[in-house]
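For reference, the structure discussed in these notes is given below.
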Amino acid sequence: MAILGTIIKRAYELRSIPIEIMRKKDCNKAQLKVLRKLITKAQNTAFGEHYKFHRILGKKDMVRAFQESVPTFDYNSMFRKWWYRAINGEGFVTWPGRVKYFALTSGTSESSSKQIPVTGDMIRAIRRVSIRQLVSTARYKFPIEFYEKGILMIGGSTHLNFNGSYYEGDLSGISAGNIPFWFQHFYKPGKRISRERDWETKLDEIIRSAPNWDIGIIVGVPAWIQIILERIIEHHKLKNIHDIWPDLAVYVHSGVSFEPYVKSFDKLFGKPVIYNESYLASEGYIAYQSRLDKRVMQLVVDNGLFYEFVPFNEENFDSEGNMVERPEAKTLDQVVEGEEYALLLSSCAGAWRYLIGDTIKFVSKENCEIVITGRTKHFLSLCGEHLSQENMNMAVKMLQDEFNIEIREFTVAGFRHGGMFAHKWYLGTDDNIDPEVAAKKIDGYIKVLNDDYRVERIAAVTDVFLEILPPNAFSNWMKIHRKEGGANKFPRVLKGEKYGQWEAYLKDFKNNQ
């Protein structure tokens, strides 16, 4: 009998009881409690003193007082006014104490790289939600032996850069470097390989070591996990990954919509695998999938994050996805199911009314269940077509399903064309499909999905172009821009300077093929 597995499963079952109770609690009350704790703890920081947090705590309507006193911030304004002081070693800037870690983001939006503070309180908050997500597997009715299997977590290097007063690296590397002692037995690829900074070297080490592990769960960004699994299968001459990891049962994905990857992943497995989504941003652990029967995520409302929701419309955002100075911001009790919102966070890492750049929709307000729909910067609206990342993901999935092809990566750009406008799609696939046929199909799908797009296609968006590329065109671009591996994602929309760089890169790439 698997004694360790029995103990772990029983512990998971016991831990899941308070989580079920939390589900039945009033999420709004939980959020008010979080905000009060955040303001109370930060009232003696430079930020708290500047915005008079002690007065906010004395107000009857604390949320309204908070929103009236504290402006909204994007990364540039938050860094320029406050976080630069923490990077220079100053303590008690936007959160008590000195910040030891800064997470480097993948830089898929306007900034090439961002440095997000990660406090000890945030590390502990992320750990608590990670355990909750593990605990949620208790309801999946896995055999006892499953709870003794390894968990392969692919992220950034745990060998962080030290810059005199702080360490910086990917959040995944920071988190992996702070895992609790009891988890180290299960954690793969282990400390030694995780410290490796060079992606290709790390990949080779993982491939060689794969037969020595017994993996039950895989965690990571789809594009890189797919590459790893394919390389393992090829190197060890396997039919599928279950030949080497027969008990693999769960893949936890994050960072991008998984819909375009489902067909490719299904071919890598020899048995059914549960696809489980998580929402871990550099700013905090926001949500995770807690139900097997529904691919939605439950917002974590009681763990160091206070949320506000800005309707993603022309009143609150300009054509480039920049938020206006005083946007309309709703709290959890004010949101409407089905409407799209940009997410503002106030956190135990010293972010305050901070725009993280993601857009979400509520599927169930009662259960605090959401889906990610895209990025504030990753949409096309050159003339009012409002082409969202959600539309793009669905169109690619529909193309894959209709033609039974695998699209490994894609991106979209918009530009002036003949006095009007045009869109251009770039699909990364090894399968044969006529680009003109694919363009017409995608155009047709989106006309059905998006009424604004259908109207603007009549006159304003005069053409839709499409180019088929080998998948390594995308991964090679990421390598050139030092965004290879870990938590890095290819941008779904290319605008401005990045689009010009992409077109110039493709000319060189094709000449060298």
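Residues in the structure tokens are numbered from 1 in each chain, the chains being A, B, ... in the order shown, and ligands are numbered from 1 in the order shown.
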
Could you pull out all residues of region 357-494 of chain A with a DSSP call of strand (DSSP E or B) and give them as a count of residues only?
46

Distance query Tyr51 (chain A) at most 12 Å, only C-alpha atoms, self and fewer than 3 positions along chain excluded, as number ranges by chain:
A: 39, 42-48, 54-57, 65-71, 94, 352

Measuring between only C-alpha atoms, which one of A:Gly150, A:Gly156, A:Gly91, A:Gly255 shows the shortest distance to Glu484 (chain A)?
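Residue with the minimum atom-to-atom distance to Glu484 (chain A): A:Gly156.
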
When you look at region 224-232 of chain A with a cut-off of 9 Å (counting only C-alpha atoms), what residues show up, excluding the ones that are within fewer than 2 positions of it in the same chain? I need them as a VMD selection string.
chain A and resid 154 203 to 204 206 to 208 210 218 to 222 234 to 238 240 to 241 261 264 to 265 268 484 to 489

Residues from last step as file, N, CA and C atoms, as an mmCIF file, in the first residue's frame:
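The result, stored in result36.cif:
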data_model
loop_
_atom_site.group_PDB
_atom_site.id
_atom_site.type_symbol
_atom_site.label_atom_id
_atom_site.label_comp_id
_atom_site.auth_asym_id
_atom_site.auth_seq_id
_atom_site.Cartn_x
_atom_site.Cartn_y
_atom_site.Cartn_z
ATOM 1 N N ILE A 154 8.023 23.755 -15.173
ATOM 2 C CA ILE A 154 8.969 24.396 -16.077
ATOM 3 C C ILE A 154 8.805 25.912 -15.985
ATOM 4 N N LEU A 203 16.992 22.437 -21.271
ATOM 5 C CA LEU A 203 16.154 21.528 -22.048
ATOM 6 C C LEU A 203 16.850 20.187 -22.252
ATOM 7 N N ASP A 204 18.121 20.203 -22.597
ATOM 8 C CA ASP A 204 18.874 18.961 -22.779
ATOM 9 C C ASP A 204 18.935 18.145 -21.489
ATOM 10 N N ILE A 206 16.757 18.196 -19.008
ATOM 11 C CA ILE A 206 15.427 17.638 -18.742
ATOM 12 C C ILE A 206 15.178 16.414 -19.612
ATOM 13 N N ILE A 207 15.550 16.504 -20.878
ATOM 14 C CA ILE A 207 15.339 15.388 -21.797
ATOM 15 C C ILE A 207 16.123 14.158 -21.342
ATOM 16 N N ARG A 208 17.376 14.345 -20.958
ATOM 17 C CA ARG A 208 18.196 13.215 -20.510
ATOM 18 C C ARG A 208 17.688 12.616 -19.204
ATOM 19 N N ALA A 210 14.571 12.653 -18.016
ATOM 20 C CA ALA A 210 13.153 12.275 -18.027
ATOM 21 C C ALA A 210 12.888 10.825 -17.614
ATOM 22 N N ILE A 218 2.220 18.061 -14.747
ATOM 23 C CA ILE A 218 3.123 18.978 -15.441
ATOM 24 C C ILE A 218 2.550 20.376 -15.329
ATOM 25 N N VAL A 219 3.428 21.360 -15.084
ATOM 26 C CA VAL A 219 3.009 22.752 -14.944
ATOM 27 C C VAL A 219 3.884 23.617 -15.845
ATOM 28 N N GLY A 220 3.259 24.479 -16.659
ATOM 29 C CA GLY A 220 4.063 25.373 -17.488
ATOM 30 C C GLY A 220 3.284 25.975 -18.637
ATOM 31 N N VAL A 221 3.917 26.925 -19.336
ATOM 32 C CA VAL A 221 3.320 27.596 -20.495
ATOM 33 C C VAL A 221 3.233 26.614 -21.666
ATOM 34 N N PRO A 222 2.079 26.537 -22.358
ATOM 35 C CA PRO A 222 1.870 25.510 -23.389
ATOM 36 C C PRO A 222 2.950 25.415 -24.463
ATOM 37 N N GLU A 234 10.911 12.292 -29.052
ATOM 38 C CA GLU A 234 11.839 12.058 -30.163
ATOM 39 C C GLU A 234 13.156 11.457 -29.677
ATOM 40 N N HIS A 235 13.721 11.996 -28.603
ATOM 41 C CA HIS A 235 15.027 11.545 -28.113
ATOM 42 C C HIS A 235 14.983 10.094 -27.631
ATOM 43 N N HIS A 236 13.927 9.742 -26.936
ATOM 44 C CA HIS A 236 13.839 8.398 -26.351
ATOM 45 C C HIS A 236 13.037 7.437 -27.230
ATOM 46 N N LYS A 237 12.675 7.901 -28.442
ATOM 47 C CA LYS A 237 11.991 7.058 -29.435
ATOM 48 C C LYS A 237 10.702 6.451 -28.852
ATOM 49 N N LEU A 238 9.849 7.309 -28.347
ATOM 50 C CA LEU A 238 8.587 6.894 -27.733
ATOM 51 C C LEU A 238 7.427 7.122 -28.697
ATOM 52 N N ASN A 240 4.409 8.056 -27.393
ATOM 53 C CA ASN A 240 3.827 9.224 -26.729
ATOM 54 C C ASN A 240 4.459 9.346 -25.350
ATOM 55 N N ILE A 241 4.147 10.429 -24.653
ATOM 56 C CA ILE A 241 4.818 10.704 -23.379
ATOM 57 C C ILE A 241 4.418 9.714 -22.290
ATOM 58 N N TYR A 261 -4.033 25.094 -28.516
ATOM 59 C CA TYR A 261 -3.025 24.064 -28.309
ATOM 60 C C TYR A 261 -3.606 22.671 -28.068
ATOM 61 N N SER A 264 -2.806 19.787 -30.586
ATOM 62 C CA SER A 264 -1.400 19.388 -30.570
ATOM 63 C C SER A 264 -1.075 18.568 -29.332
ATOM 64 N N PHE A 265 -1.597 18.967 -28.179
ATOM 65 C CA PHE A 265 -1.297 18.258 -26.939
ATOM 66 C C PHE A 265 -1.938 16.870 -26.918
ATOM 67 N N LEU A 268 0.201 14.154 -28.107
ATOM 68 C CA LEU A 268 1.395 13.803 -27.327
ATOM 69 C C LEU A 268 1.113 12.773 -26.257
ATOM 70 N N GLU A 484 13.280 33.196 -24.499
ATOM 71 C CA GLU A 484 13.149 31.769 -24.747
ATOM 72 C C GLU A 484 12.891 31.028 -23.439
ATOM 73 N N GLY A 485 11.912 30.118 -23.468
ATOM 74 C CA GLY A 485 11.684 29.228 -22.344
ATOM 75 C C GLY A 485 10.906 29.865 -21.213
ATOM 76 N N GLY A 486 10.726 29.060 -20.148
ATOM 77 C CA GLY A 486 10.087 29.542 -18.929
ATOM 78 C C GLY A 486 8.670 30.009 -19.145
ATOM 79 N N ALA A 487 8.385 31.219 -18.653
ATOM 80 C CA ALA A 487 7.028 31.752 -18.677
ATOM 81 C C ALA A 487 6.800 32.729 -19.829
ATOM 82 N N ASN A 488 7.696 32.789 -20.786
ATOM 83 C CA ASN A 488 7.588 33.770 -21.865
ATOM 84 C C ASN A 488 6.593 33.336 -22.931
ATOM 85 N N LYS A 489 5.821 34.311 -23.415
ATOM 86 C CA LYS A 489 4.805 34.031 -24.423
ATOM 87 C C LYS A 489 4.992 34.915 -25.643
#

Point-to-point distance in Å for CA of Arg98 (chain A) and CA of Ser194 (chain A)
26.1 Å

Go through A:Phe306, A:Phe181, A:Phe490, A:Tyr275 and flag the residue nearest Lys294 (chain A), using only C-alpha atoms for the distances.
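Closest candidate: A:Tyr275.
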
To one decimal place, how far is CA of Ile405 (chain A) from CA of Tyr426 (chain A) in Å?
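Here the two named atoms are 14.9 Å from each other.
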
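For Lys239 (chain A), the list of residues within 10 Å, based on only C-alpha atoms and with local chain neighbours fewer than 4 positions off taken out, reads Ile233, Glu234, Asp243, Ile244, Lys267, Leu268, Phe269 and Gly270 of chain A.
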
Residue contacts of Pro180 (chain A) (12 Å, only C-alpha atoms) excluding same-chain residues fewer than 4 positions away, as a list in words
Ile123, Arg124, Ile126, Arg127, Arg128, Ser130, Ile131, Ser175, Ala176, Gln184, His185, Phe186 and Tyr187 of chain A

Writing out the chosen residues with all heavy atoms as an mmCIF file, in the first residue's frame:
data_model
loop_
_atom_site.group_PDB
_atom_site.id
_atom_site.type_symbol
_atom_site.label_atom_id
_atom_site.label_comp_id
_atom_site.auth_asym_id
_atom_site.auth_seq_id
_atom_site.Cartn_x
_atom_site.Cartn_y
_atom_site.Cartn_z
ATOM 1 N N ILE A 123 5.143 36.019 -1.667
ATOM 2 C CA ILE A 123 5.628 34.640 -1.833
ATOM 3 C C ILE A 123 4.776 33.681 -1.015
ATOM 4 O O ILE A 123 4.387 32.611 -1.493
ATOM 5 C CB ILE A 123 7.113 34.542 -1.431
ATOM 6 C CG1 ILE A 123 7.989 35.264 -2.465
ATOM 7 C CG2 ILE A 123 7.554 33.079 -1.297
ATOM 8 C CD1 ILE A 123 9.439 35.381 -2.071
ATOM 9 N N ARG A 124 4.459 34.076 0.213
ATOM 10 C CA ARG A 124 3.615 33.214 1.059
ATOM 11 C C ARG A 124 2.194 33.114 0.498
ATOM 12 O O ARG A 124 1.576 32.042 0.555
ATOM 13 C CB ARG A 124 3.603 33.750 2.488
ATOM 14 C CG ARG A 124 4.909 33.508 3.233
ATOM 15 C CD ARG A 124 4.832 33.929 4.688
ATOM 16 N NE ARG A 124 4.833 35.384 4.825
ATOM 17 C CZ ARG A 124 5.936 36.115 4.887
ATOM 18 N NH1 ARG A 124 7.136 35.538 4.809
ATOM 19 N NH2 ARG A 124 5.869 37.432 5.030
ATOM 20 N N ILE A 126 1.312 33.321 -2.712
ATOM 21 C CA ILE A 126 1.383 32.437 -3.880
ATOM 22 C C ILE A 126 1.472 30.983 -3.445
ATOM 23 O O ILE A 126 0.823 30.104 -4.020
ATOM 24 C CB ILE A 126 2.588 32.824 -4.765
ATOM 25 C CG1 ILE A 126 2.332 34.174 -5.446
ATOM 26 C CG2 ILE A 126 2.866 31.746 -5.818
ATOM 27 C CD1 ILE A 126 3.535 34.732 -6.186
ATOM 28 N N ARG A 127 2.243 30.737 -2.411
ATOM 29 C CA ARG A 127 2.383 29.369 -1.901
ATOM 30 C C ARG A 127 1.047 28.832 -1.396
ATOM 31 O O ARG A 127 0.693 27.672 -1.648
ATOM 32 C CB ARG A 127 3.419 29.352 -0.779
ATOM 33 C CG ARG A 127 3.783 27.965 -0.276
ATOM 34 C CD ARG A 127 4.773 28.062 0.870
ATOM 35 N NE ARG A 127 5.998 28.735 0.454
ATOM 36 C CZ ARG A 127 6.915 29.199 1.302
ATOM 37 N NH1 ARG A 127 6.727 29.089 2.612
ATOM 38 N NH2 ARG A 127 8.005 29.773 0.844
ATOM 39 N N ARG A 128 0.278 29.679 -0.706
ATOM 40 C CA ARG A 128 -1.018 29.233 -0.188
ATOM 41 C C ARG A 128 -1.962 28.828 -1.320
ATOM 42 O O ARG A 128 -2.644 27.805 -1.240
ATOM 43 C CB ARG A 128 -1.659 30.341 0.655
ATOM 44 C CG ARG A 128 -1.073 30.484 2.043
ATOM 45 C CD ARG A 128 -1.941 31.373 2.930
ATOM 46 N NE ARG A 128 -1.953 32.756 2.477
ATOM 47 C CZ ARG A 128 -1.090 33.680 2.881
ATOM 48 N NH1 ARG A 128 -0.138 33.365 3.747
ATOM 49 N NH2 ARG A 128 -1.184 34.921 2.437
ATOM 50 N N SER A 130 -1.084 27.936 -4.390
ATOM 51 C CA SER A 130 -0.521 26.750 -5.046
ATOM 52 C C SER A 130 -0.937 25.492 -4.305
ATOM 53 O O SER A 130 -1.307 24.479 -4.934
ATOM 54 C CB SER A 130 1.010 26.847 -5.090
ATOM 55 O OG SER A 130 1.429 27.986 -5.820
ATOM 56 N N ILE A 131 -0.911 25.543 -2.983
ATOM 57 C CA ILE A 131 -1.344 24.392 -2.185
ATOM 58 C C ILE A 131 -2.834 24.146 -2.371
ATOM 59 O O ILE A 131 -3.285 23.007 -2.492
ATOM 60 C CB ILE A 131 -0.999 24.614 -0.700
ATOM 61 C CG1 ILE A 131 0.530 24.597 -0.516
ATOM 62 C CG2 ILE A 131 -1.643 23.540 0.181
ATOM 63 C CD1 ILE A 131 0.992 24.979 0.868
ATOM 64 N N SER A 175 9.637 31.752 -7.229
ATOM 65 C CA SER A 175 8.756 30.847 -6.482
ATOM 66 C C SER A 175 9.407 29.489 -6.265
ATOM 67 O O SER A 175 9.350 28.927 -5.170
ATOM 68 C CB SER A 175 7.421 30.685 -7.222
ATOM 69 O OG SER A 175 6.756 31.923 -7.354
ATOM 70 N N ALA A 176 10.034 28.956 -7.329
ATOM 71 C CA ALA A 176 10.675 27.640 -7.216
ATOM 72 C C ALA A 176 11.834 27.671 -6.229
ATOM 73 O O ALA A 176 12.119 26.678 -5.548
ATOM 74 C CB ALA A 176 11.161 27.175 -8.585
ATOM 75 N N GLN A 184 9.960 19.517 -1.900
ATOM 76 C CA GLN A 184 11.154 19.297 -2.708
ATOM 77 C C GLN A 184 11.280 17.853 -3.188
ATOM 78 O O GLN A 184 11.875 17.595 -4.243
ATOM 79 C CB GLN A 184 12.396 19.716 -1.916
ATOM 80 C CG GLN A 184 12.447 21.218 -1.671
ATOM 81 C CD GLN A 184 13.617 21.650 -0.819
ATOM 82 O OE1 GLN A 184 14.540 20.862 -0.577
ATOM 83 N NE2 GLN A 184 13.597 22.882 -0.337
ATOM 84 N N HIS A 185 10.714 16.928 -2.434
ATOM 85 C CA HIS A 185 10.731 15.519 -2.842
ATOM 86 C C HIS A 185 9.976 15.312 -4.157
ATOM 87 O O HIS A 185 10.361 14.473 -4.985
ATOM 88 C CB HIS A 185 10.111 14.656 -1.737
ATOM 89 C CG HIS A 185 9.842 13.234 -2.149
ATOM 90 N ND1 HIS A 185 10.842 12.290 -2.291
ATOM 91 C CD2 HIS A 185 8.679 12.601 -2.484
ATOM 92 C CE1 HIS A 185 10.313 11.143 -2.671
ATOM 93 N NE2 HIS A 185 9.003 11.301 -2.796
ATOM 94 N N PHE A 186 8.911 16.083 -4.378
ATOM 95 C CA PHE A 186 8.061 15.916 -5.559
ATOM 96 C C PHE A 186 8.495 16.803 -6.723
ATOM 97 O O PHE A 186 8.201 16.498 -7.874
ATOM 98 C CB PHE A 186 6.601 16.254 -5.200
ATOM 99 C CG PHE A 186 6.063 15.471 -4.047
ATOM 100 C CD1 PHE A 186 6.076 15.998 -2.762
ATOM 101 C CD2 PHE A 186 5.552 14.197 -4.230
ATOM 102 C CE1 PHE A 186 5.577 15.277 -1.696
ATOM 103 C CE2 PHE A 186 5.055 13.465 -3.171
ATOM 104 C CZ PHE A 186 5.072 14.005 -1.889
ATOM 105 N N TYR A 187 9.197 17.878 -6.421
ATOM 106 C CA TYR A 187 9.505 18.901 -7.412
ATOM 107 C C TYR A 187 10.564 18.441 -8.412
ATOM 108 O O TYR A 187 11.661 18.036 -8.054
ATOM 109 C CB TYR A 187 9.989 20.162 -6.690
ATOM 110 C CG TYR A 187 10.548 21.225 -7.602
ATOM 111 C CD1 TYR A 187 9.775 21.803 -8.604
ATOM 112 C CD2 TYR A 187 11.870 21.667 -7.455
ATOM 113 C CE1 TYR A 187 10.290 22.772 -9.435
ATOM 114 C CE2 TYR A 187 12.392 22.650 -8.279
ATOM 115 C CZ TYR A 187 11.595 23.194 -9.263
ATOM 116 O OH TYR A 187 12.110 24.156 -10.084
#

Write out as JSON, numbers by chain which residues come within 9 Å of Asn322 (chain A) when counting only C-alpha atoms, dropping same-chain ones fewer than 4 positions away.
{"A": [74, 316, 317, 318, 376, 377]}

Would you export the selected residues with C-alpha atoms as a PDB file, in the first residue's frame, please?
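Just written: selection19.pdb:
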ATOM      1  CA  ASP A  74      -0.058  51.489 -15.027  1.00  0.00           C
ATOM      2  CA  ASN A 316     -11.998  53.927 -20.348  1.00  0.00           C
ATOM      3  CA  PHE A 317      -9.360  53.007 -22.976  1.00  0.00           C
ATOM      4  CA  ASP A 318      -8.019  54.677 -26.099  1.00  0.00           C
ATOM      5  CA  THR A 376      -5.552  45.475 -23.027  1.00  0.00           C
ATOM      6  CA  LYS A 377      -2.808  45.962 -25.623  1.00  0.00           C
TER       7      LYS A 377
END

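For region 284-445 of chain A, backbone-based DSSP assignment of alpha helix (DSSP H) covers Gln389, Glu390, Asn391, Met392, Asn393, Met394, Ala395, Val396, Lys397, Met398, Leu399, Gln400, Asp401, Glu402, Phe403, Pro435, Glu436, Val437, Ala438, Ala439, Lys440, Lys441, Ile442, Asp443, Gly444 and Tyr445 of chain A.
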
Please save C-alpha atoms of the selected residues as a PDB file, in the first residue's frame.
ATOM      1  CA  GLN A 389      -7.769  38.020 -28.361  1.00  0.00           C
ATOM      2  CA  GLU A 390     -10.751  35.854 -27.443  1.00  0.00           C
ATOM      3  CA  ASN A 391     -11.992  36.167 -31.056  1.00  0.00           C
ATOM      4  CA  MET A 392      -8.523  35.310 -32.384  1.00  0.00           C
ATOM      5  CA  ASN A 393      -8.153  32.208 -30.226  1.00  0.00           C
ATOM      6  CA  MET A 394     -11.571  30.909 -31.211  1.00  0.00           C
ATOM      7  CA  ALA A 395     -10.978  31.524 -34.937  1.00  0.00           C
ATOM      8  CA  VAL A 396      -7.695  29.593 -34.838  1.00  0.00           C
ATOM      9  CA  LYS A 397      -9.371  26.722 -32.986  1.00  0.00           C
ATOM     10  CA  MET A 398     -12.198  26.627 -35.550  1.00  0.00           C
ATOM     11  CA  LEU A 399      -9.654  26.524 -38.408  1.00  0.00           C
ATOM     12  CA  GLN A 400      -7.805  23.646 -36.749  1.00  0.00           C
ATOM     13  CA  ASP A 401     -11.013  21.702 -36.189  1.00  0.00           C
ATOM     14  CA  GLU A 402     -12.348  22.202 -39.711  1.00  0.00           C
ATOM     15  CA  PHE A 403      -9.121  21.260 -41.525  1.00  0.00           C
ATOM     16  CA  PRO A 435      -3.007  30.658 -47.141  1.00  0.00           C
ATOM     17  CA  GLU A 436      -5.819  32.217 -49.175  1.00  0.00           C
ATOM     18  CA  VAL A 437      -8.265  29.553 -48.042  1.00  0.00           C
ATOM     19  CA  ALA A 438      -7.155  29.948 -44.425  1.00  0.00           C
ATOM     20  CA  ALA A 439      -7.530  33.744 -44.627  1.00  0.00           C
ATOM     21  CA  LYS A 440     -11.080  33.471 -46.004  1.00  0.00           C
ATOM     22  CA  LYS A 441     -12.029  30.930 -43.367  1.00  0.00           C
ATOM     23  CA  ILE A 442     -10.655  32.973 -40.447  1.00  0.00           C
ATOM     24  CA  ASP A 443     -12.324  36.087 -41.834  1.00  0.00           C
ATOM     25  CA  GLY A 444     -15.628  34.209 -42.002  1.00  0.00           C
ATOM     26  CA  TYR A 445     -15.324  32.822 -38.492  1.00  0.00           C
TER      27      TYR A 445
END
